[in-house]
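As stored in work_9.pdb (PDB, C-alpha atoms):
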ATOM      1  CA  MET A   1      99.051  69.660 108.128  1.00  0.00           C
ATOM      2  CA  ASP A   2     100.285  72.412 110.438  1.00  0.00           C
ATOM      3  CA  ARG A   3      98.832  75.661 109.142  1.00  0.00           C
ATOM      4  CA  PHE A   4      99.589  79.286 109.948  1.00  0.00           C
ATOM      5  CA  ARG A   5      96.785  81.129 111.683  1.00  0.00           C
ATOM      6  CA  ASP A   6      97.247  84.201 109.467  1.00  0.00           C
ATOM      7  CA  ARG A   7     100.049  86.301 107.995  1.00  0.00           C
ATOM      8  CA  VAL A   8     100.907  87.874 111.352  1.00  0.00           C
ATOM      9  CA  ASP A   9     101.332  84.419 112.881  1.00  0.00           C
ATOM     10  CA  ALA A  10     103.483  83.395 109.894  1.00  0.00           C
ATOM     11  CA  GLY A  11     105.622  86.513 110.341  1.00  0.00           C
ATOM     12  CA  ARG A  12     106.156  85.821 114.024  1.00  0.00           C
ATOM     13  CA  ARG A  13     107.146  82.223 113.358  1.00  0.00           C
ATOM     14  CA  LEU A  14     109.467  83.365 110.593  1.00  0.00           C
ATOM     15  CA  SER A  15     111.027  85.854 113.021  1.00  0.00           C
ATOM     16  CA  ARG A  16     111.985  83.027 115.363  1.00  0.00           C
ATOM     17  CA  ALA A  17     114.085  81.510 112.578  1.00  0.00           C
ATOM     18  CA  PHE A  18     116.193  84.693 112.626  1.00  0.00           C
ATOM     19  CA  GLU A  19     116.744  84.839 116.398  1.00  0.00           C
ATOM     20  CA  GLY A  20     120.374  85.261 117.386  1.00  0.00           C
ATOM     21  CA  ARG A  21     121.522  86.013 113.858  1.00  0.00           C
ATOM     22  CA  GLU A  22     123.591  89.003 112.823  1.00  0.00           C
ATOM     23  CA  LEU A  23     122.555  90.465 109.489  1.00  0.00           C
ATOM     24  CA  PRO A  24     124.690  93.399 108.301  1.00  0.00           C
ATOM     25  CA  ARG A  25     122.481  96.505 107.971  1.00  0.00           C
ATOM     26  CA  PRO A  26     119.260  94.663 107.119  1.00  0.00           C
ATOM     27  CA  VAL A  27     116.302  96.115 105.239  1.00  0.00           C
ATOM     28  CA  VAL A  28     113.127  94.017 105.208  1.00  0.00           C
ATOM     29  CA  LEU A  29     111.248  94.178 101.911  1.00  0.00           C
ATOM     30  CA  GLY A  30     107.705  92.858 101.689  1.00  0.00           C
ATOM     31  CA  LEU A  31     106.373  91.767  98.315  1.00  0.00           C
ATOM     32  CA  PRO A  32     102.983  93.480  97.950  1.00  0.00           C
ATOM     33  CA  ARG A  33     100.505  92.888  99.008  1.00  0.00           C
ATOM     34  CA  GLY A  34     100.400  89.659 101.016  1.00  0.00           C
ATOM     35  CA  GLY A  35     104.080  89.621 101.893  1.00  0.00           C
ATOM     36  CA  VAL A  36     103.929  92.937 103.742  1.00  0.00           C
ATOM     37  CA  PRO A  37     102.107  91.788 106.934  1.00  0.00           C
ATOM     38  CA  VAL A  38     104.592  88.913 107.197  1.00  0.00           C
ATOM     39  CA  ALA A  39     107.505  91.278 106.581  1.00  0.00           C
ATOM     40  CA  ALA A  40     106.248  93.775 109.183  1.00  0.00           C
ATOM     41  CA  GLU A  41     106.617  91.181 111.940  1.00  0.00           C
ATOM     42  CA  LEU A  42     110.128  90.250 110.823  1.00  0.00           C
ATOM     43  CA  ALA A  43     111.211  93.901 110.519  1.00  0.00           C
ATOM     44  CA  ARG A  44     110.000  94.567 114.053  1.00  0.00           C
ATOM     45  CA  ALA A  45     111.861  91.536 115.381  1.00  0.00           C
ATOM     46  CA  LEU A  46     115.080  92.518 113.605  1.00  0.00           C
ATOM     47  CA  GLY A  47     114.772  96.212 114.446  1.00  0.00           C
ATOM     48  CA  ALA A  48     115.149  96.852 110.719  1.00  0.00           C
ATOM     49  CA  PRO A  49     113.454  99.295 108.310  1.00  0.00           C
ATOM     50  CA  LEU A  50     110.397  97.963 106.475  1.00  0.00           C
ATOM     51  CA  ASP A  51     109.704  98.760 102.851  1.00  0.00           C
ATOM     52  CA  VAL A  52     108.025  97.239  99.825  1.00  0.00           C
ATOM     53  CA  LEU A  53     109.790  95.913  96.757  1.00  0.00           C
ATOM     54  CA  VAL A  54     107.526  96.426  93.765  1.00  0.00           C
ATOM     55  CA  VAL A  55     108.557  94.547  90.639  1.00  0.00           C
ATOM     56  CA  ARG A  56     106.943  93.922  87.275  1.00  0.00           C
ATOM     57  CA  LYS A  57     107.653  91.211  84.756  1.00  0.00           C
ATOM     58  CA  LEU A  58     108.292  92.237  81.157  1.00  0.00           C
ATOM     59  CA  GLY A  59     106.407  89.666  79.106  1.00  0.00           C
ATOM     60  CA  LEU A  60     107.000  88.876  75.458  1.00  0.00           C
ATOM     61  CA  PRO A  61     104.661  90.904  73.207  1.00  0.00           C
ATOM     62  CA  ARG A  62     102.995  87.765  71.802  1.00  0.00           C
ATOM     63  CA  GLN A  63     103.486  85.568  74.878  1.00  0.00           C
ATOM     64  CA  PRO A  64     103.041  87.791  77.944  1.00  0.00           C
ATOM     65  CA  GLU A  65     103.469  84.843  80.313  1.00  0.00           C
ATOM     66  CA  VAL A  66     107.096  84.409  79.142  1.00  0.00           C
ATOM     67  CA  ALA A  67     109.445  86.864  80.868  1.00  0.00           C
ATOM     68  CA  MET A  68     111.941  88.679  78.679  1.00  0.00           C
ATOM     69  CA  GLY A  69     112.983  90.741  81.687  1.00  0.00           C
ATOM     70  CA  ALA A  70     111.777  92.595  84.737  1.00  0.00           C
ATOM     71  CA  ILE A  71     111.785  96.098  86.164  1.00  0.00           C
ATOM     72  CA  GLY A  72     111.866  97.635  89.610  1.00  0.00           C
ATOM     73  CA  GLU A  73     111.942 101.091  91.113  1.00  0.00           C
ATOM     74  CA  ARG A  74     114.606 103.729  90.491  1.00  0.00           C
ATOM     75  CA  GLY A  75     115.099 102.564  86.928  1.00  0.00           C
ATOM     76  CA  ALA A  76     116.124  99.007  87.797  1.00  0.00           C
ATOM     77  CA  ARG A  77     115.878  96.735  84.782  1.00  0.00           C
ATOM     78  CA  VAL A  78     117.110  93.245  84.047  1.00  0.00           C
ATOM     79  CA  LEU A  79     116.778  91.571  80.653  1.00  0.00           C
ATOM     80  CA  ASN A  80     116.849  87.956  79.550  1.00  0.00           C
ATOM     81  CA  GLU A  81     118.910  88.258  76.379  1.00  0.00           C
ATOM     82  CA  ASP A  82     118.206  84.653  75.340  1.00  0.00           C
ATOM     83  CA  VAL A  83     114.437  85.221  75.408  1.00  0.00           C
ATOM     84  CA  LEU A  84     114.774  88.565  73.626  1.00  0.00           C
ATOM     85  CA  SER A  85     116.804  86.912  70.889  1.00  0.00           C
ATOM     86  CA  SER A  86     114.632  83.817  70.463  1.00  0.00           C
ATOM     87  CA  GLY A  87     111.493  85.964  70.502  1.00  0.00           C
ATOM     88  CA  ALA A  88     112.968  88.336  67.889  1.00  0.00           C
ATOM     89  CA  VAL A  89     111.910  91.300  70.044  1.00  0.00           C
ATOM     90  CA  THR A  90     112.669  94.694  68.536  1.00  0.00           C
ATOM     91  CA  ASP A  91     113.870  97.685  70.568  1.00  0.00           C
ATOM     92  CA  GLU A  92     110.550  99.375  69.863  1.00  0.00           C
ATOM     93  CA  GLN A  93     108.541  96.403  71.151  1.00  0.00           C
ATOM     94  CA  LEU A  94     110.674  96.198  74.291  1.00  0.00           C
ATOM     95  CA  ALA A  95     110.241  99.919  74.902  1.00  0.00           C
ATOM     96  CA  THR A  96     106.461  99.658  74.496  1.00  0.00           C
ATOM     97  CA  VAL A  97     106.156  96.811  77.017  1.00  0.00           C
ATOM     98  CA  GLU A  98     108.508  98.511  79.462  1.00  0.00           C
ATOM     99  CA  ARG A  99     106.625 101.814  79.226  1.00  0.00           C
ATOM    100  CA  ARG A 100     103.330 100.079  80.023  1.00  0.00           C
ATOM    101  CA  GLU A 101     104.746  98.064  82.911  1.00  0.00           C
ATOM    102  CA  ARG A 102     106.685 101.048  84.260  1.00  0.00           C
ATOM    103  CA  ALA A 103     103.460 103.055  84.446  1.00  0.00           C
ATOM    104  CA  GLU A 104     101.771 100.246  86.384  1.00  0.00           C
ATOM    105  CA  LEU A 105     104.771  99.893  88.686  1.00  0.00           C
ATOM    106  CA  GLU A 106     104.844 103.610  89.488  1.00  0.00           C
ATOM    107  CA  SER A 107     101.099 103.559  90.132  1.00  0.00           C
ATOM    108  CA  ARG A 108     101.494 100.724  92.610  1.00  0.00           C
ATOM    109  CA  VAL A 109     104.437 102.376  94.339  1.00  0.00           C
ATOM    110  CA  ALA A 110     102.384 105.566  94.782  1.00  0.00           C
ATOM    111  CA  ARG A 111      99.481 103.580  96.241  1.00  0.00           C
ATOM    112  CA  PHE A 112     101.625 101.635  98.670  1.00  0.00           C
ATOM    113  CA  ARG A 113     104.214 104.182  99.782  1.00  0.00           C
ATOM    114  CA  GLY A 114     102.710 107.564  98.943  1.00  0.00           C
ATOM    115  CA  ASP A 115     105.272 110.372  99.022  1.00  0.00           C
ATOM    116  CA  ALA A 116     107.722 108.512 101.269  1.00  0.00           C
ATOM    117  CA  ALA A 117     111.168 107.830  99.818  1.00  0.00           C
ATOM    118  CA  PRO A 118     112.238 104.212  99.384  1.00  0.00           C
ATOM    119  CA  VAL A 119     114.785 102.784 101.805  1.00  0.00           C
ATOM    120  CA  GLY A 120     118.180 102.635 100.117  1.00  0.00           C
ATOM    121  CA  LEU A 121     119.578  99.143  99.537  1.00  0.00           C
ATOM    122  CA  HIS A 122     123.136  99.978  98.546  1.00  0.00           C
ATOM    123  CA  GLY A 123     125.575  97.900 100.580  1.00  0.00           C
ATOM    124  CA  ARG A 124     122.827  96.492 102.808  1.00  0.00           C
ATOM    125  CA  THR A 125     121.285  93.064 103.426  1.00  0.00           C
ATOM    126  CA  ALA A 126     117.968  92.872 101.573  1.00  0.00           C
ATOM    127  CA  VAL A 127     115.611  90.461 103.331  1.00  0.00           C
ATOM    128  CA  ILE A 128     112.860  89.796 100.791  1.00  0.00           C
ATOM    129  CA  VAL A 129     109.643  88.444 102.315  1.00  0.00           C
ATOM    130  CA  ASP A 130     106.531  86.920 100.785  1.00  0.00           C
ATOM    131  CA  ASP A 131     103.611  85.096 102.389  1.00  0.00           C
ATOM    132  CA  GLY A 132     104.508  81.990 100.417  1.00  0.00           C
ATOM    133  CA  VAL A 133     106.221  80.785  97.274  1.00  0.00           C
ATOM    134  CA  ALA A 134     104.449  78.888  94.500  1.00  0.00           C
ATOM    135  CA  THR A 135     106.435  78.971  91.249  1.00  0.00           C
ATOM    136  CA  GLY A 136     109.050  81.307  92.727  1.00  0.00           C
ATOM    137  CA  ALA A 137     108.848  83.669  89.748  1.00  0.00           C
ATOM    138  CA  THR A 138     108.102  86.821  91.759  1.00  0.00           C
ATOM    139  CA  ALA A 139     110.767  86.048  94.364  1.00  0.00           C
ATOM    140  CA  ARG A 140     113.257  85.386  91.581  1.00  0.00           C
ATOM    141  CA  VAL A 141     112.588  88.727  89.898  1.00  0.00           C
ATOM    142  CA  ALA A 142     112.600  90.587  93.227  1.00  0.00           C
ATOM    143  CA  SER A 143     115.995  89.149  94.162  1.00  0.00           C
ATOM    144  CA  ILE A 144     117.532  90.154  90.846  1.00  0.00           C
ATOM    145  CA  VAL A 145     116.099  93.681  91.157  1.00  0.00           C
ATOM    146  CA  ALA A 146     117.368  93.999  94.753  1.00  0.00           C
ATOM    147  CA  ARG A 147     120.865  93.212  93.489  1.00  0.00           C
ATOM    148  CA  GLU A 148     120.410  95.703  90.684  1.00  0.00           C
ATOM    149  CA  LEU A 149     119.571  98.324  93.334  1.00  0.00           C
ATOM    150  CA  GLY A 150     122.849  97.679  95.122  1.00  0.00           C
ATOM    151  CA  ALA A 151     122.058  95.150  97.849  1.00  0.00           C
ATOM    152  CA  ALA A 152     125.264  93.577  99.170  1.00  0.00           C
ATOM    153  CA  SER A 153     123.450  90.349 100.001  1.00  0.00           C
ATOM    154  CA  VAL A 154     119.955  88.952  99.537  1.00  0.00           C
ATOM    155  CA  VAL A 155     118.059  86.701 101.927  1.00  0.00           C
ATOM    156  CA  LEU A 156     114.704  85.332 100.816  1.00  0.00           C
ATOM    157  CA  ALA A 157     112.330  84.549 103.688  1.00  0.00           C
ATOM    158  CA  THR A 158     108.978  82.823 103.285  1.00  0.00           C
ATOM    159  CA  PRO A 159     106.738  80.691 105.489  1.00  0.00           C
ATOM    160  CA  VAL A 160     105.986  77.990 102.925  1.00  0.00           C
ATOM    161  CA  GLY A 161     106.848  76.751  99.447  1.00  0.00           C
ATOM    162  CA  PRO A 162     107.184  73.587  97.338  1.00  0.00           C
ATOM    163  CA  ALA A 163     110.505  71.745  97.307  1.00  0.00           C
ATOM    164  CA  ASP A 164     111.288  72.287  93.615  1.00  0.00           C
ATOM    165  CA  SER A 165     110.687  76.050  93.738  1.00  0.00           C
ATOM    166  CA  ILE A 166     112.681  76.459  96.948  1.00  0.00           C
ATOM    167  CA  ALA A 167     115.540  74.433  95.479  1.00  0.00           C
ATOM    168  CA  GLY A 168     115.503  76.581  92.357  1.00  0.00           C
ATOM    169  CA  LEU A 169     115.692  79.761  94.428  1.00  0.00           C
ATOM    170  CA  ARG A 170     118.523  78.365  96.540  1.00  0.00           C
ATOM    171  CA  GLY A 171     120.434  77.745  93.324  1.00  0.00           C
ATOM    172  CA  MET A 172     120.233  81.363  92.168  1.00  0.00           C
ATOM    173  CA  PRO A 173     123.534  83.280  92.304  1.00  0.00           C
ATOM    174  CA  GLU A 174     121.662  86.455  93.309  1.00  0.00           C
ATOM    175  CA  ILE A 175     120.298  84.849  96.496  1.00  0.00           C
ATOM    176  CA  ASP A 176     122.672  84.204  99.384  1.00  0.00           C
ATOM    177  CA  GLU A 177     120.192  82.307 101.532  1.00  0.00           C
ATOM    178  CA  VAL A 178     116.616  81.045 101.520  1.00  0.00           C
ATOM    179  CA  VAL A 179     114.771  80.723 104.835  1.00  0.00           C
ATOM    180  CA  CYS A 180     111.597  78.651 104.408  1.00  0.00           C
ATOM    181  CA  LEU A 181     109.743  77.264 107.429  1.00  0.00           C
ATOM    182  CA  SER A 182     107.688  74.597 105.681  1.00  0.00           C
ATOM    183  CA  VAL A 183     108.382  72.627 102.496  1.00  0.00           C
ATOM    184  CA  PRO A 184     105.414  70.212 102.339  1.00  0.00           C
ATOM    185  CA  HIS A 185     105.647  67.292  99.926  1.00  0.00           C
ATOM    186  CA  ASP A 186     101.948  67.711  99.069  1.00  0.00           C
ATOM    187  CA  PHE A 187     102.109  71.478  98.378  1.00  0.00           C
ATOM    188  CA  MET A 188      99.211  72.685  96.217  1.00  0.00           C
ATOM    189  CA  ALA A 189      98.675  76.391  96.909  1.00  0.00           C
ATOM    190  CA  VAL A 190      99.989  78.951  99.399  1.00  0.00           C
ATOM    191  CA  GLY A 191      96.534  79.762 100.735  1.00  0.00           C
ATOM    192  CA  LEU A 192      95.891  76.162 101.811  1.00  0.00           C
ATOM    193  CA  HIS A 193      98.630  76.540 104.429  1.00  0.00           C
ATOM    194  CA  TYR A 194      96.790  79.365 106.206  1.00  0.00           C
ATOM    195  CA  LEU A 195      93.606  79.287 108.259  1.00  0.00           C
ATOM    196  CA  ASP A 196      92.978  82.938 107.346  1.00  0.00           C
ATOM    197  CA  PHE A 197      94.280  83.927 103.916  1.00  0.00           C
ATOM    198  CA  ARG A 198      91.999  86.845 103.154  1.00  0.00           C
ATOM    199  CA  GLN A 199      93.392  89.353 100.665  1.00  0.00           C
ATOM    200  CA  THR A 200      95.633  92.099 102.018  1.00  0.00           C
ATOM    201  CA  THR A 201      94.380  95.526 100.918  1.00  0.00           C
ATOM    202  CA  ASP A 202      96.325  98.546  99.674  1.00  0.00           C
ATOM    203  CA  ALA A 203      95.188 100.406 102.796  1.00  0.00           C
ATOM    204  CA  GLU A 204      96.632  97.703 105.067  1.00  0.00           C
ATOM    205  CA  VAL A 205      99.968  97.909 103.262  1.00  0.00           C
ATOM    206  CA  GLN A 206      99.982 101.691 103.636  1.00  0.00           C
ATOM    207  CA  GLU A 207      99.173 101.452 107.353  1.00  0.00           C
ATOM    208  CA  LEU A 208     101.949  98.934 108.014  1.00  0.00           C
ATOM    209  CA  LEU A 209     104.546 101.008 106.152  1.00  0.00           C
ATOM    210  CA  THR A 210     103.482 104.223 107.894  1.00  0.00           C
ATOM    211  CA  ALA A 211     103.586 102.562 111.325  1.00  0.00           C
ATOM    212  CA  ALA A 212     107.051 101.148 110.598  1.00  0.00           C
ATOM    213  CA  ARG A 213     108.372 104.546 109.525  1.00  0.00           C
ATOM    214  CA  LEU A 214     107.022 106.145 112.701  1.00  0.00           C
ATOM    215  CA  GLU A 215     108.690 103.439 114.796  1.00  0.00           C
ATOM    216  CA  ASP A 216     111.990 104.040 113.004  1.00  0.00           C
ATOM    217  CA  GLN A 217     111.730 107.780 113.588  1.00  0.00           C
ATOM    218  CA  SER A 218     110.924 107.407 117.271  1.00  0.00           C
ATOM    219  CA  GLY A 219     113.728 104.877 117.686  1.00  0.00           C
ATOM    220  CA  ASN A 220     116.214 107.221 116.023  1.00  0.00           C
ATOM    221  CA  GLY A 221     114.911 110.334 117.674  1.00  0.00           C
TER     222      GLY A 221
END

Written as structure tokens, how would this file's structure read?
Amino acid sequence: MDRFRDRVDAGRRLSRAFEGRELPRPVVLGLPRGGVPVAAELARALGAPLDVLVVRKLGLPRQPEVAMGAIGERGARVLNEDVLSSGAVTDEQLATVERRERAELESRVARFRGDAAPVGLHGRTAVIVDDGVATGATARVASIVARELGAASVVLATPVGPADSIAGLRGMPEIDEVVCLSVPHDFMAVGLHYLDFRQTTDAEVQELLTAARLEDQSGNG
């Protein structure tokens, strides 16, 4: 099994899959935390802004693992009306779950980005990056939220994922393209496809975002 050395190596290999391609006004969005080091390499290769896309699932009150919707920054919210109906979720219950998850989302955004403003997605190509896909749930939610925030097109980029999850993502109307380097038939877990899969810290995410912003400023200055 060919494994990635670490997330930087995965990001560089992923970047090669984008060589020679024209993406209209791309913004590279890393899914925190592990997707950000991968995304940083791709953003550098594309000469595109780097940002994070923080999303939270809205789980049913009595079955939190079942998503009745999801939220993102700037008030983005998508709801699964079928799940809301079958779960007999009241407006008050939905509001309670959303309030809790919104507080957690805002806390994470503050930790990762600090006072910096998010990169606008309206009319741009959102390139959503993770360090790997397992079930595809996070990537699915992130793609829907990116559309909700005005992205003209969505490209999902990941080093590795199982065939069924990748196929499911490719079938989503919100996703224009999925770029996946490795789809092993014996996929078990993302971490098994890396030699070094140590946890990415909040501080590392902050450093990568700050460095990317400084590069953008110097390039535009």

Original post:
Selected by the PyMOL selection byres ((chain A and resi 45) around 9) in the shown coordinates: which residues, as an MDAnalysis selection string?
Top reply: chainID A and resid 12 15:16 18:19 40:44 46:48

**OP:** Find the spatial neighbours of segment 202-219 of chain A, counting all atoms listed in the file, within a cut-off of 12 Å - ignore same-chain residues fewer than 5 positions away - and output them as an MDAnalysis selection string.
**Re:** chainID A and resid 8 27:53 107:119

**OP:** Write out as a ChimeraX atom specification each polymer residue whose atoms come within 12 Å of Arg140 of chain A, counting all atoms listed in the file; drop sequence neighbours fewer than 3 positions from it.
**Re:** /A:31,55-57,67,69-70,78,128-130,133-137,143-147,154-156,165-175,178

Original post:
Any chance you could work out the residue set of the PyMOL selection byres ((chain A and resi 99-102) around 9) here, as a ChimeraX atom specification?
Top reply: /A:56-58,71-73,75,94-98,103-107

Original post:
Residues at most 9 Å from Ala151 of chain A, counting only C-alpha atoms, excluding those fewer than 3 positions away in the same chain, as a PyMOL selection string?
Top reply: chain A and resi 120-126+146-148+154

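For the atom pair formed by atom CA of Gly11 of chain A and atom CA of Leu195 of chain A, the distance is 14.2 Å, given to one decimal.
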
**OP:** Skip Val89 of chain A itself and residues of its chain fewer than 6 positions away, then list as a PyMOL selection string all residues within 10 Å of it, counting only C-alpha atoms.
**Re:** chain A and resi 60-62+68+81+83

Original post:
Restricting the calculation to only C-alpha atoms, which member of A:Leu192, A:Val141, A:Ala163, A:Ala157 is positioned closest to Val179 of chain A?
Top reply: A:Ala157

**OP:** Could you please determine the separation between atom CA of Glu92 of chain A and atom CA of Arg74 of chain A in Å, to one decimal place?
**Re:** 21.5 Å

Run the PyMOL selection byres ((chain A and resi 184-189) around 10) against the file shown and list the residues it catches, as a PDB file with C-alpha atoms, keeping the file's coordinate frame.
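selection27.pdb written:
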ATOM      1  CA  MET A   1      99.051  69.660 108.128  1.00  0.00           C
ATOM      2  CA  ASP A   2     100.285  72.412 110.438  1.00  0.00           C
ATOM      3  CA  GLY A 132     104.508  81.990 100.417  1.00  0.00           C
ATOM      4  CA  VAL A 133     106.221  80.785  97.274  1.00  0.00           C
ATOM      5  CA  ALA A 134     104.449  78.888  94.500  1.00  0.00           C
ATOM      6  CA  THR A 135     106.435  78.971  91.249  1.00  0.00           C
ATOM      7  CA  VAL A 160     105.986  77.990 102.925  1.00  0.00           C
ATOM      8  CA  GLY A 161     106.848  76.751  99.447  1.00  0.00           C
ATOM      9  CA  PRO A 162     107.184  73.587  97.338  1.00  0.00           C
ATOM     10  CA  ALA A 163     110.505  71.745  97.307  1.00  0.00           C
ATOM     11  CA  ASP A 164     111.288  72.287  93.615  1.00  0.00           C
ATOM     12  CA  LEU A 181     109.743  77.264 107.429  1.00  0.00           C
ATOM     13  CA  SER A 182     107.688  74.597 105.681  1.00  0.00           C
ATOM     14  CA  VAL A 183     108.382  72.627 102.496  1.00  0.00           C
ATOM     15  CA  VAL A 190      99.989  78.951  99.399  1.00  0.00           C
ATOM     16  CA  GLY A 191      96.534  79.762 100.735  1.00  0.00           C
ATOM     17  CA  LEU A 192      95.891  76.162 101.811  1.00  0.00           C
ATOM     18  CA  HIS A 193      98.630  76.540 104.429  1.00  0.00           C
ATOM     19  CA  TYR A 194      96.790  79.365 106.206  1.00  0.00           C
TER      20      TYR A 194
END

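Atom CA of Gly150 of chain A is found 28.6 Å from atom CA of Thr90 of chain A.
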
With 6 Å added on each side, what axis-aligned box encloses every listed atom of segment 155-158 of chain A? Give the centre and edge lengths in Å to one decimal, as JSON.
{"center_x": 113.5, "center_y": 84.8, "center_z": 102.3, "size_x": 21.1, "size_y": 15.9, "size_z": 14.9}

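Among the candidates A:Ala142, A:Leu149, A:Val127, A:Leu79, the residue lying nearest to Leu14 of chain A is A:Val127 (atoms considered: only C-alpha atoms).
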
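Counting all atoms listed in the file and comparing A:Asp91, A:Arg5, A:Arg13, A:Gly59, the residue that lies closest to Arg198 of chain A is A:Arg5.
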
Would you mind putting N, CA and C atoms back on segment 140-152 of chain A and writing the result as a compact mmCIF listing (two decimals), in the coordinates of the input?
# COMPACT_ATOMS: atom_id res chain seq x y z
N ARG A 140 112.08 85.40 92.45
CA ARG A 140 113.26 85.39 91.58
C ARG A 140 113.52 86.79 91.02
N VAL A 141 112.46 87.38 90.48
CA VAL A 141 112.59 88.73 89.90
C VAL A 141 112.97 89.74 90.98
N ALA A 142 112.33 89.64 92.15
CA ALA A 142 112.60 90.59 93.23
C ALA A 142 114.06 90.51 93.68
N SER A 143 114.60 89.32 93.74
CA SER A 143 116.00 89.15 94.16
C SER A 143 116.96 89.77 93.16
N ILE A 144 116.68 89.58 91.89
CA ILE A 144 117.53 90.15 90.85
C ILE A 144 117.47 91.68 90.91
N VAL A 145 116.26 92.23 91.10
CA VAL A 145 116.10 93.68 91.16
C VAL A 145 116.78 94.24 92.41
N ALA A 146 116.70 93.54 93.53
CA ALA A 146 117.37 94.00 94.75
C ALA A 146 118.87 94.11 94.52
N ARG A 147 119.45 93.14 93.83
CA ARG A 147 120.86 93.21 93.49
C ARG A 147 121.15 94.39 92.57
N GLU A 148 120.26 94.59 91.62
CA GLU A 148 120.41 95.70 90.68
C GLU A 148 120.39 97.04 91.42
N LEU A 149 119.67 97.10 92.53
CA LEU A 149 119.57 98.32 93.33
C LEU A 149 120.69 98.44 94.37
N GLY A 150 121.65 97.52 94.31
CA GLY A 150 122.85 97.68 95.12
C GLY A 150 122.94 96.88 96.40
N ALA A 151 121.99 95.96 96.63
CA ALA A 151 122.06 95.15 97.85
C ALA A 151 123.35 94.34 97.87
N ALA A 152 124.02 94.34 99.03
CA ALA A 152 125.26 93.58 99.17
C ALA A 152 124.98 92.09 99.29
